[in-house]
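Just my_file33.txt here, compact mmCIF, C-alpha atoms and all ligand atoms:
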# COMPACT_ATOMS: atom_id res chain seq x y z
CA MET I 652 -7.69 166.95 44.29
CA THR I 653 -7.45 163.17 44.66
CA GLN I 654 -5.71 161.48 41.78
CA GLN I 655 -7.49 158.49 40.33
CA GLN I 656 -6.44 155.84 37.89
CA THR I 657 -7.99 156.59 34.49
CA GLU I 658 -9.69 153.54 33.00
CA ARG I 659 -9.34 152.88 29.27
CA ILE I 660 -12.74 152.04 27.77
CA ASP I 661 -11.95 149.04 25.57
CA GLY I 662 -13.90 149.72 22.37
CA LYS I 663 -12.42 146.67 20.68
CA ALA I 664 -13.66 144.28 23.37
CA ILE I 665 -17.13 145.84 23.56
CA ALA I 666 -17.36 145.84 19.75
CA ALA I 667 -16.42 142.15 19.75
CA GLU I 668 -19.43 141.43 22.00
CA VAL I 669 -21.76 143.27 19.61
CA LEU I 670 -20.25 141.47 16.61
CA GLU I 671 -20.73 138.09 18.28
CA ILE I 672 -24.45 138.82 18.76
CA CYS I 673 -24.63 139.86 15.08
CA ARG I 674 -22.93 136.62 14.06
CA GLN I 675 -25.51 134.58 15.97
CA ARG I 676 -28.38 136.58 14.47
CA CYS I 677 -26.97 136.15 10.95
CA ALA I 678 -26.80 132.39 11.44
CA GLU I 679 -30.55 132.47 12.13
CA PHE I 680 -31.14 133.82 8.62
CA LYS I 681 -30.04 130.51 7.04
CA GLY I 682 -32.91 129.24 4.89
CA ARG I 683 -34.85 132.48 5.38
CA GLY I 684 -34.01 134.33 2.19
CA GLY I 685 -30.25 134.41 2.68
CA PRO I 686 -28.04 136.38 5.07
CA PRO I 687 -28.48 140.13 5.69
CA SER I 688 -26.84 142.10 2.88
CA LEU I 689 -25.01 145.41 2.88
CA ALA I 690 -24.04 147.51 -0.16
CA VAL I 691 -21.28 150.08 0.29
CA VAL I 692 -20.93 152.87 -2.28
CA ARG I 693 -17.49 154.48 -2.48
CA VAL I 694 -16.64 157.28 -4.91
CA GLY I 695 -13.07 158.33 -5.67
CA GLU I 696 -9.80 157.47 -3.96
CA ASP I 697 -9.91 159.12 -0.53
CA PRO I 698 -7.30 157.01 1.34
CA ALA I 699 -9.12 157.13 4.69
CA SER I 700 -12.40 156.08 3.05
CA ARG I 701 -10.65 153.15 1.42
CA VAL I 702 -9.37 151.98 4.82
CA TYR I 703 -12.75 152.49 6.53
CA VAL I 704 -14.64 150.61 3.81
CA ARG I 705 -12.14 147.76 3.95
CA GLY I 706 -12.78 147.52 7.72
CA LYS I 707 -16.54 147.47 7.19
CA LEU I 708 -16.34 144.75 4.50
CA ARG I 709 -14.04 142.67 6.68
CA ALA I 710 -16.36 142.91 9.70
CA ALA I 711 -19.34 141.99 7.52
CA ALA I 712 -17.59 138.88 6.23
CA LYS I 713 -16.70 137.87 9.79
CA VAL I 714 -20.27 138.00 11.10
CA GLY I 715 -21.88 136.50 7.99
CA ILE I 716 -23.33 139.62 6.36
CA GLN I 717 -23.15 139.53 2.57
CA ALA I 718 -21.38 142.77 1.69
CA SER I 719 -20.56 144.30 -1.67
CA GLU I 720 -18.57 147.38 -2.62
CA HIS I 721 -19.74 149.60 -5.48
CA HIS I 722 -16.80 151.78 -6.43
CA LEU I 723 -17.00 154.69 -8.85
CA GLU I 724 -14.17 156.81 -10.23
CA ALA I 725 -13.47 160.21 -8.66
CA THR I 726 -14.74 161.77 -11.92
CA ALA I 727 -18.14 160.02 -11.71
CA THR I 728 -21.05 162.36 -12.48
CA GLN I 729 -23.98 163.12 -10.19
CA GLN I 730 -26.18 161.08 -12.55
CA GLU I 731 -23.85 158.06 -12.39
CA VAL I 732 -23.69 158.02 -8.59
CA GLU I 733 -27.44 158.54 -8.33
CA ALA I 734 -28.04 155.66 -10.78
CA THR I 735 -25.90 153.37 -8.61
CA VAL I 736 -27.80 154.25 -5.43
CA ARG I 737 -31.18 154.01 -7.24
CA ALA I 738 -30.34 150.50 -8.46
CA LEU I 739 -29.41 149.38 -4.94
CA ALA I 740 -32.54 151.01 -3.55
CA ALA I 741 -34.67 149.03 -6.02
CA ASP I 742 -32.85 145.73 -5.41
CA ASP I 743 -34.92 143.71 -2.95
CA ALA I 744 -31.89 141.55 -2.11
CA VAL I 745 -30.13 144.58 -0.55
CA ASP I 746 -31.00 145.21 3.10
CA GLY I 747 -28.64 148.10 3.83
CA ILE I 748 -27.02 150.87 1.76
CA LEU I 749 -24.12 152.98 2.93
CA VAL I 750 -22.65 155.85 0.92
CA GLN I 751 -19.16 156.43 2.24
CA LEU I 752 -18.45 160.09 2.99
CA PRO I 753 -16.87 162.43 2.08
CA LEU I 754 -17.93 162.39 -1.56
CA PRO I 755 -15.81 164.28 -4.14
CA ARG I 756 -16.62 167.97 -3.96
CA HIS I 757 -18.43 168.20 -7.30
CA LEU I 758 -21.17 165.83 -6.08
CA HIS I 759 -24.33 166.90 -4.25
CA GLU I 760 -24.21 164.85 -1.05
CA GLY I 761 -27.74 165.65 0.13
CA ALA I 762 -29.32 164.58 -3.15
CA ILE I 763 -27.41 161.29 -3.13
CA LEU I 764 -28.12 160.45 0.53
CA GLY I 765 -31.75 161.32 -0.12
CA LEU I 766 -32.02 158.36 -2.50
CA VAL I 767 -31.31 155.79 0.26
CA PRO I 768 -34.68 154.38 1.34
CA THR I 769 -35.29 154.80 5.07
CA ASP I 770 -35.64 151.04 5.64
CA LYS I 771 -32.14 150.55 4.15
CA ASP I 772 -30.56 153.61 5.81
CA VAL I 773 -28.07 151.67 7.96
CA ASP I 774 -25.92 154.80 8.46
CA GLY I 775 -28.94 156.64 9.88
CA PHE I 776 -27.96 159.81 7.95
CA GLY I 777 -31.26 160.26 6.07
CA VAL I 778 -33.73 163.02 6.89
CA GLU I 779 -36.39 160.49 7.96
CA SER I 780 -33.98 158.54 10.18
CA LEU I 781 -32.83 161.76 11.85
CA GLY I 782 -36.45 162.93 12.14
CA ALA I 783 -37.41 159.67 13.86
CA LEU I 784 -34.63 160.28 16.38
CA VAL I 785 -35.87 163.84 17.05
CA ALA I 786 -39.44 162.56 17.42
CA GLY I 787 -38.43 159.69 19.69
CA LEU I 788 -39.70 157.11 17.18
CA PRO I 789 -38.01 153.80 16.35
CA GLY I 790 -35.52 153.88 13.50
CA LEU I 791 -31.95 153.17 12.48
CA ARG I 792 -29.55 155.39 14.43
CA ALA I 793 -26.30 156.87 13.12
CA CYS I 794 -23.53 154.36 13.81
CA THR I 795 -20.93 156.49 15.57
CA PRO I 796 -23.30 158.14 18.08
CA ALA I 797 -25.15 154.86 18.69
CA GLY I 798 -21.81 153.13 19.24
CA VAL I 799 -20.77 155.85 21.68
CA MET I 800 -23.96 155.21 23.64
CA THR I 801 -23.00 151.54 23.93
CA LEU I 802 -19.57 152.55 25.25
CA LEU I 803 -21.11 154.98 27.76
CA ASP I 804 -23.65 152.40 28.92
CA HIS I 805 -20.79 149.99 29.60
CA ALA I 806 -18.68 152.60 31.39
CA PHE I 807 -21.52 153.71 33.65
CA ALA I 808 -22.84 150.19 34.27
CA ALA I 809 -19.34 149.23 35.50
CA ARG I 810 -19.75 151.98 38.13
CA GLY I 811 -23.30 150.94 39.04
CA GLU I 812 -24.56 154.19 37.48
CA THR I 813 -26.49 155.42 34.45
CA LEU I 814 -26.49 158.57 32.31
CA ARG I 815 -29.68 159.84 33.93
CA GLY I 816 -29.21 163.38 35.20
CA LYS I 817 -25.54 163.54 34.19
CA ARG I 818 -24.22 166.71 32.56
CA ALA I 819 -23.09 165.71 29.07
CA LEU I 820 -21.10 167.96 26.75
CA VAL I 821 -20.98 167.17 23.02
CA ILE I 822 -18.25 169.06 21.17
CA GLY I 823 -19.22 169.27 17.51
CA ARG I 824 -22.55 169.76 15.74
CA SER I 825 -22.25 167.69 12.55
CA ARG I 826 -25.20 165.90 11.01
CA ILE I 827 -23.48 162.52 11.37
CA VAL I 828 -22.08 162.76 14.91
CA GLY I 829 -22.73 165.87 17.03
CA LYS I 830 -26.45 166.42 16.51
CA PRO I 831 -27.60 162.77 16.72
CA MET I 832 -25.20 162.26 19.66
CA ALA I 833 -26.84 165.06 21.62
CA LEU I 834 -30.30 163.62 20.93
CA LEU I 835 -29.31 160.12 22.03
CA LEU I 836 -27.85 161.49 25.27
CA LEU I 837 -31.03 163.48 25.81
CA ALA I 838 -33.11 160.33 25.28
CA ALA I 839 -30.99 158.72 28.01
CA ASP I 840 -32.03 161.56 30.37
CA ALA I 841 -28.67 163.36 30.41
CA THR I 842 -28.57 167.16 30.66
CA VAL I 843 -27.01 168.01 27.32
CA THR I 844 -24.91 170.93 26.08
CA ILE I 845 -23.60 171.20 22.52
CA ALA I 846 -20.39 173.17 22.04
CA HIS I 847 -18.89 174.05 18.68
CA SER I 848 -16.24 176.17 17.00
CA LYS I 849 -18.03 179.43 17.92
CA SER I 850 -18.59 178.53 21.60
CA ALA I 851 -17.23 181.29 23.84
CA ASP I 852 -15.39 179.32 26.52
CA LEU I 853 -14.88 175.67 25.69
CA ALA I 854 -12.66 175.04 28.70
CA ALA I 855 -15.41 176.22 31.07
CA GLU I 856 -18.00 174.03 29.32
CA VAL I 857 -15.70 171.00 29.60
CA GLY I 858 -15.09 171.73 33.27
CA ARG I 859 -18.82 171.50 34.05
CA ALA I 860 -19.37 168.14 32.32
CA ASP I 861 -19.67 164.64 33.81
CA VAL I 862 -19.47 163.23 30.28
CA VAL I 863 -17.51 164.73 27.38
CA VAL I 864 -17.96 163.49 23.81
CA ALA I 865 -15.31 165.17 21.66
CA ALA I 866 -16.26 165.18 17.97
CA ALA I 867 -14.84 168.46 16.71
CA GLY I 868 -12.28 167.05 14.28
CA VAL I 869 -9.45 169.08 15.83
CA PRO I 870 -6.37 167.19 17.09
CA HIS I 871 -5.83 167.51 20.87
CA LEU I 872 -8.47 170.25 21.17
CA VAL I 873 -9.50 169.15 24.66
CA ARG I 874 -6.87 169.51 27.38
CA GLY I 875 -6.91 167.13 30.32
CA GLU I 876 -6.64 170.04 32.80
CA TRP I 877 -10.02 171.34 31.58
CA LEU I 878 -11.81 168.16 32.72
CA ALA I 879 -13.78 167.83 35.93
CA PRO I 880 -12.22 165.13 38.11
CA GLY I 881 -14.06 161.86 37.48
CA ALA I 882 -15.38 162.80 34.02
CA VAL I 883 -16.03 160.07 31.47
CA VAL I 884 -14.49 161.04 28.13
CA ILE I 885 -15.29 159.70 24.66
CA ASP I 886 -12.89 160.70 21.92
CA VAL I 887 -14.49 160.48 18.47
CA GLY I 888 -11.62 162.20 16.65
CA ILE I 889 -8.98 160.34 14.72
CA HIS I 890 -6.06 162.16 13.12
CA ARG I 891 -2.80 160.99 11.59
CA ARG I 892 0.22 162.93 12.82
CA ASP I 893 3.32 163.68 10.76
CA ASP I 894 5.16 160.78 12.41
CA GLY I 895 2.43 158.40 11.23
CA SER I 896 0.88 157.86 14.67
CA LEU I 897 -2.81 158.44 15.39
CA CYS I 898 -4.33 160.83 17.90
CA GLY I 899 -7.80 162.04 18.82
CA ASP I 900 -9.55 165.31 19.73
CA VAL I 901 -8.48 164.85 23.37
CA ASP I 902 -4.97 165.17 24.76
CA THR I 903 -5.20 161.81 26.50
CA ASP I 904 -1.89 162.04 28.37
CA SER I 905 -2.93 165.19 30.21
CA ALA I 906 -6.28 163.56 31.13
CA GLU I 907 -4.48 160.79 33.01
CA GLY I 908 -5.36 160.84 36.69
CA ILE I 909 -8.19 163.36 36.13
CA ALA I 910 -10.74 161.52 33.96
CA ALA I 911 -12.40 158.44 35.44
CA ALA I 912 -12.46 156.75 32.05
CA ILE I 913 -11.47 157.57 28.48
CA THR I 914 -11.57 155.87 25.09
CA PRO I 915 -8.21 155.27 23.41
CA VAL I 916 -7.45 156.31 19.82
CA PRO I 917 -7.29 153.95 18.03
CA GLY I 918 -9.28 151.14 19.65
CA GLY I 919 -12.14 153.15 21.15
CA VAL I 920 -14.94 154.61 19.04
CA GLY I 921 -13.72 153.29 15.66
CA PRO I 922 -14.40 149.59 16.27
CA MET I 923 -17.77 150.46 17.83
CA THR I 924 -18.85 152.42 14.73
CA ILE I 925 -18.20 149.37 12.57
CA ALA I 926 -19.90 146.97 15.01
CA THR I 927 -22.94 149.26 15.16
CA LEU I 928 -23.13 149.31 11.37
CA MET I 929 -23.28 145.51 11.44
CA ARG I 930 -26.01 145.64 14.11
CA ASN I 931 -27.99 148.15 12.02
CA THR I 932 -27.66 145.94 8.94
CA VAL I 933 -29.00 142.90 10.81
CA GLU I 934 -31.76 145.07 12.27
CA ALA I 935 -32.66 146.40 8.79
CA ALA I 936 -32.81 142.83 7.45
CA VAL I 937 -35.04 141.71 10.33
CA ARG I 938 -37.40 144.66 9.85
CA ARG I 939 -37.52 144.39 6.07
CA ARG I 940 -38.34 140.71 6.29
CA GLY I 941 -41.15 141.42 8.69
CA GLU I 942 -39.86 140.00 11.93
CA SER I 943 -39.39 141.62 15.32
CA ALA I 944 -36.23 143.76 15.58
CA ASP I 945 -34.63 142.84 18.84
CA VAL I 946 -31.02 142.53 17.69
N1 LIG I 1001 -17.17 158.93 6.79
C1 LIG I 1001 -16.65 159.03 8.03
N2 LIG I 1001 -17.41 158.34 8.89
C2 LIG I 1001 -18.41 157.79 8.20
C3 LIG I 1001 -19.52 156.96 8.54
O1 LIG I 1001 -19.76 156.58 9.68
N3 LIG I 1001 -20.33 156.60 7.50
C4 LIG I 1001 -20.11 157.02 6.24
N4 LIG I 1001 -20.97 156.64 5.30
N5 LIG I 1001 -19.10 157.79 5.88
C5 LIG I 1001 -18.26 158.17 6.87
Please rewrite the model in this file as C-alpha cells.
Ligand code: GUN
Amino acid sequence: MTQQQTERIDGKAIAAEVLEICRQRCAEFKGRGGPPSLAVVRVGEDPASRVYVRGKLRAAAKVGIQASEHHLEATATQQEVEATVRALAADDAVDGILVQLPLPRHLHEGAILGLVPTDKDVDGFGVESLGALVAGLPGLRACTPAGVMTLLDHAFAARGETLRGKRALVIGRSRIVGKPMALLLLAADATVTIAHSKSADLAAEVGRADVVVAAAGVPHLVRGEWLAPGAVVIDVGIHRRDDGSLCGDVDTDSAEGIAAAITPVPGGVGPMTIATLMRNTVEAAVRRRGESADV
C-alpha cells in the first residue's frame, strides 16, 4: 500500500469564505426593511448549548445579521416554550428561528419544533423542510449536513473530481445529521450506505467507502486501519475528553497516511455548521422578502 500525505480539510477557511458572501449579501439589505434577523431559543443551562449559541450569535454579529437570544429557565413549561416560539413565528421582523437542542427532557421536542414556520426554519429540522429534501424540492437544508456538502465539494474539486458515483458511507441516522446527510449525498449522485449502532460489520462498511461521514456520537469509533486508502473522511463528532481536549468520532492519528483528506476536530465541521446557519438565515430573508434566493 502506498502511503500518502493526509490533507486536513480546513473548515475554518472554507467557513470564512461562506461568511464573507453572507456579509456582502447582508450589506445589500440596507434600506430594504433592515438586515436579515435570526432568533435563537435556548432552554436551560446545557453548557455545550451555551457555547454553541454564543458562537452563532457572534457569527451573526460579524456578518451583519440581527440576532437575538430568547433564554428560558430549565424549569420552563411546555406552554411557556411554545408561547415563545409562537410569538417569534408571528413576528414579521424575524426571518429565522432556531431552537437549540437538546431541550430539557420534560419538554416535547417535536411539538416545539413543529411551531417553527417552514419559511423561518433555518435549521431545516421541520417536517416540511425534511420532506422537501426527500422530494427533491427547494427548501432550507439542515446546517450540519449542508455544511458537510460544502466541505466535500471543496475536497473533491481540489482533486478535479466530484461526488458522482462515489461510494459514501454515513455513520449515524439522526434526524438532524445522518438522514439529511444521506439524502444530500444521494442528490449529488453518490452511492449511499447508512450505518448505525445495529450495523453488523462497521469496519467492512468503512473499508468499502470512498467517502465516510462519521456522525455516530461515539468518540474514536472509526479506526484509521478500517479506511480504504484514499478515502475522504468527514468527522462530525465532537467530544470533550477528561484532559479537556476535544476529539471526534474518528481516530484521526491512525488515519494518517491512509485517508486522502480528513476534517480536524475542532476546526472542521463545527465552523461550517455555523456558516451554513448564517447562509440559511440570509436565504430565508431573501425568500421571505420576495426576491430570488441565490445566496
Ligand atoms: N444541537 C446540536 N447541534 C445543533 C444544531 O445544529 N442546531 C440546533 N438547533 N441544536 C443543535
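In terms of minimum interatomic distance to I:Asp774, I:Met929 ranks closest within I:Met929, I:Ala838, I:Ala664, I:Leu853, counting only C-alpha atoms.
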How many Å separate atom CA of I:Asn931 from atom CA of I:Leu758?
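One can read the atom CA of I:Asn931 to atom CA of I:Leu758 distance as 26.2 Å.
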Rank nothing, just name the residue among I:Glu934, I:Asp772, I:Glu671, I:Glu724 nearest to ligand LIG 1001 (chain I), using all atoms listed in the file.
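Going through I:Glu934, I:Asp772, I:Glu671, I:Glu724 one by one, the smallest distance to ligand LIG 1001 (chain I) is for I:Asp772.
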Residues up to 9 Å from ligand LIG 1001 (chain I), counting all atoms listed in the file: could you list those as a list of chain:residue names?
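After applying the 9 Å limit, what remains is I:Val691, I:Val692, I:Arg693, I:Ala699, I:Ser700, I:Tyr703, I:Val704, I:Leu749, I:Val750, I:Gln751, I:Leu752, I:Pro753, I:Leu754, I:Asp774, I:Gly775, I:Phe776, I:Ala793, I:Cys794, I:Thr795, I:Ile827, I:Val828, I:Thr924, I:Ile925, I:Leu928.
Atom CA of I:Gly787 is positioned 28.2 Å from atom CA of I:Leu739.
With atom CA of I:Thr801 on one side and atom CA of I:Arg659 on the other, the separation reads 14.7 Å.
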Here is a test: counting all atoms listed in the file, which residue of I:Leu814, I:Ala808, I:Cys898, I:Val864 is nearest to I:Ile885?
I:Val864
For I:Leu802, list every protein, DNA or RNA residue within 9 Å, evaluated using all atoms listed in the file, and leave out those in the same chain fewer than 6 positions away; present the list as a list in words.
Ile660, Asp661, Gly662, Ile665, Ala666, Ile885, Thr914, Gly919, Val920 and Met923 of chain I
If we draw a sphere of 10 Å around (-16.6, 163.4, 34.9), which residues have at least one atom in it when counting only C-alpha atoms? Please report them as an MDAnalysis selection string.
chainID I and resid 817:819 857:863 878:884 909:912
Out of I:Gly868, I:Gly761, I:Gly715, I:Pro755, which residue has the shortest atom-to-atom distance to I:Gln675 when counting only C-alpha atoms?
I:Gly715
Between I:Asp893, I:Glu679, I:Glu856, I:Glu733, single out the one closest to I:Val694, counting all atoms listed in the file.
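Looking at the shortest contact to I:Val694, the residue is I:Glu733.
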Given only C-alpha atoms as the basis, pick out the residue of I:Ala667, I:Ile716, I:Val778, I:Ala936 nearest to I:Arg792.
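Residue with the minimum atom-to-atom distance to I:Arg792: I:Val778.
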Spatial neighbours of I:Ala710, max dist 8 Å, all atoms listed in the file, sep filter under 2 positions, as JSON, numbers by chain
{"I": [706, 707, 708, 712, 713, 714, 925, 926, 929]}
